[in-house]
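These notes concern the structure reproduced below.
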Amino acid sequence: MKKIIAAAMITSIALTLAPAAERYDTRAFRIVTKLCTPCHGTPFYMAKQLDSDDWIYFFDHREKLLKIHKNKPKGIASLKNKLFLNHAKRLKKFFVKSAKDSGAVHGCDANFCGTHH
Ligand code: HEC
């Protein structure tokens with residue numbers, strides 16, 4: 001009996017800790033750093049410029065994004081980059097999760113330390 005209780009406890013502890021280990025998508029973070037940060041600042045700073053519904057809107061209407069960047073060839077190149085196209089779904093999720101209204105505040109880690117850009 002004790003073993004079952006211990007197993008249940010270990011499972012519940014593991015489930016609690018799992019999301020804490022990866023609080024944001026580091027792959028998405030690195031893609032944004034590569035494609036968007038030169039103009040928009042760090043990924044979290046950039047995410048905080050818009051509300052989550054704005055991010056959803058822009059990712060669902062990517063032709064608008066292209067239009068906004070039409071005088072920025074490097075911006076267009078980023079939006080047409082394979083990394084952006086192939087990972088748009090996770091980038092959208094990343095921006096939504098870190099948006100202005102998300103309440104997410106990120107501490108210092110290997111990828112990110114503060115809002116400087
Ligand atoms: C060459 C510079 C450049 C790059 C690279 C770039 N952008 Fe932009 N972006 C801009 C400029 C300039 C604006 C217009 C800002 C404005 O009018 O306030 C803009 C506007 C935007 C907006 C609208 C924001 C708003 O406040 O309405 C979004 C969303 C956006 N960019 C997303 C992206 C994403 C995602 C990437 C990376 C895949 C990216 N941009 C890469 C320069 C760039």
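Letters for chains follow the order of the structure tokens (A, B, ...), residue numbers begin at 1 for each chain, and ligand numbers begin at 1 in the order shown.
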Mind the document's chain letters and residue numbers, and return as a PyMOL selection string the residues of chain A that DSSP labels alpha helix (DSSP H). chain A and resi 2-21+26-35+37-40+43-47+52-60+62-68+73-79+82-86+88-97
Residues contacting ligand 1 - anything with an atom at most 7 Å away, using only C-alpha atoms and all ligand atoms - can you give me those as a list of chain:residue names? A:Val32, A:Leu35, A:Cys36, A:Thr37, A:Pro38, A:Cys39, A:His40, A:Gln49, A:Leu50, A:Trp55, A:Phe58, A:Leu65, A:Ile68, A:His69, A:Lys72, A:Pro73, A:Lys74, A:Gly75, A:Ser78, A:Leu79, A:Phe84
Which is closer to A:Lys48 than all the others in A:Ser102, A:Lys70, A:Lys82, A:Thr33, using only C-alpha atoms? A:Ser102
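Our summary of the geometry notes that atom CA of A:Arg23 is positioned 17.4 Å from atom CA of A:Met46.
Pairwise distance (atom CA of A:Lys97, atom CA of A:Asp25) equals 9.7 Å.
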Of A:Lys3, A:Phe44, A:Tyr57, A:Phe112, the one sitting nearest A:Phe95 when using only C-alpha atoms is A:Phe44
Could you tell me how far atom CA of A:Asp51 sits from atom CA of A:Lys80, in Å to one decimal place? 23.5 Å
Can you list, as a PyMOL selection string, every protein, DNA or RNA residue that comes within 7 Å of stretch 27-30 of chain A when you count only C-alpha atoms, leaving out same-chain residues fewer than 4 positions away? chain A and resi 34+43+90-91+94
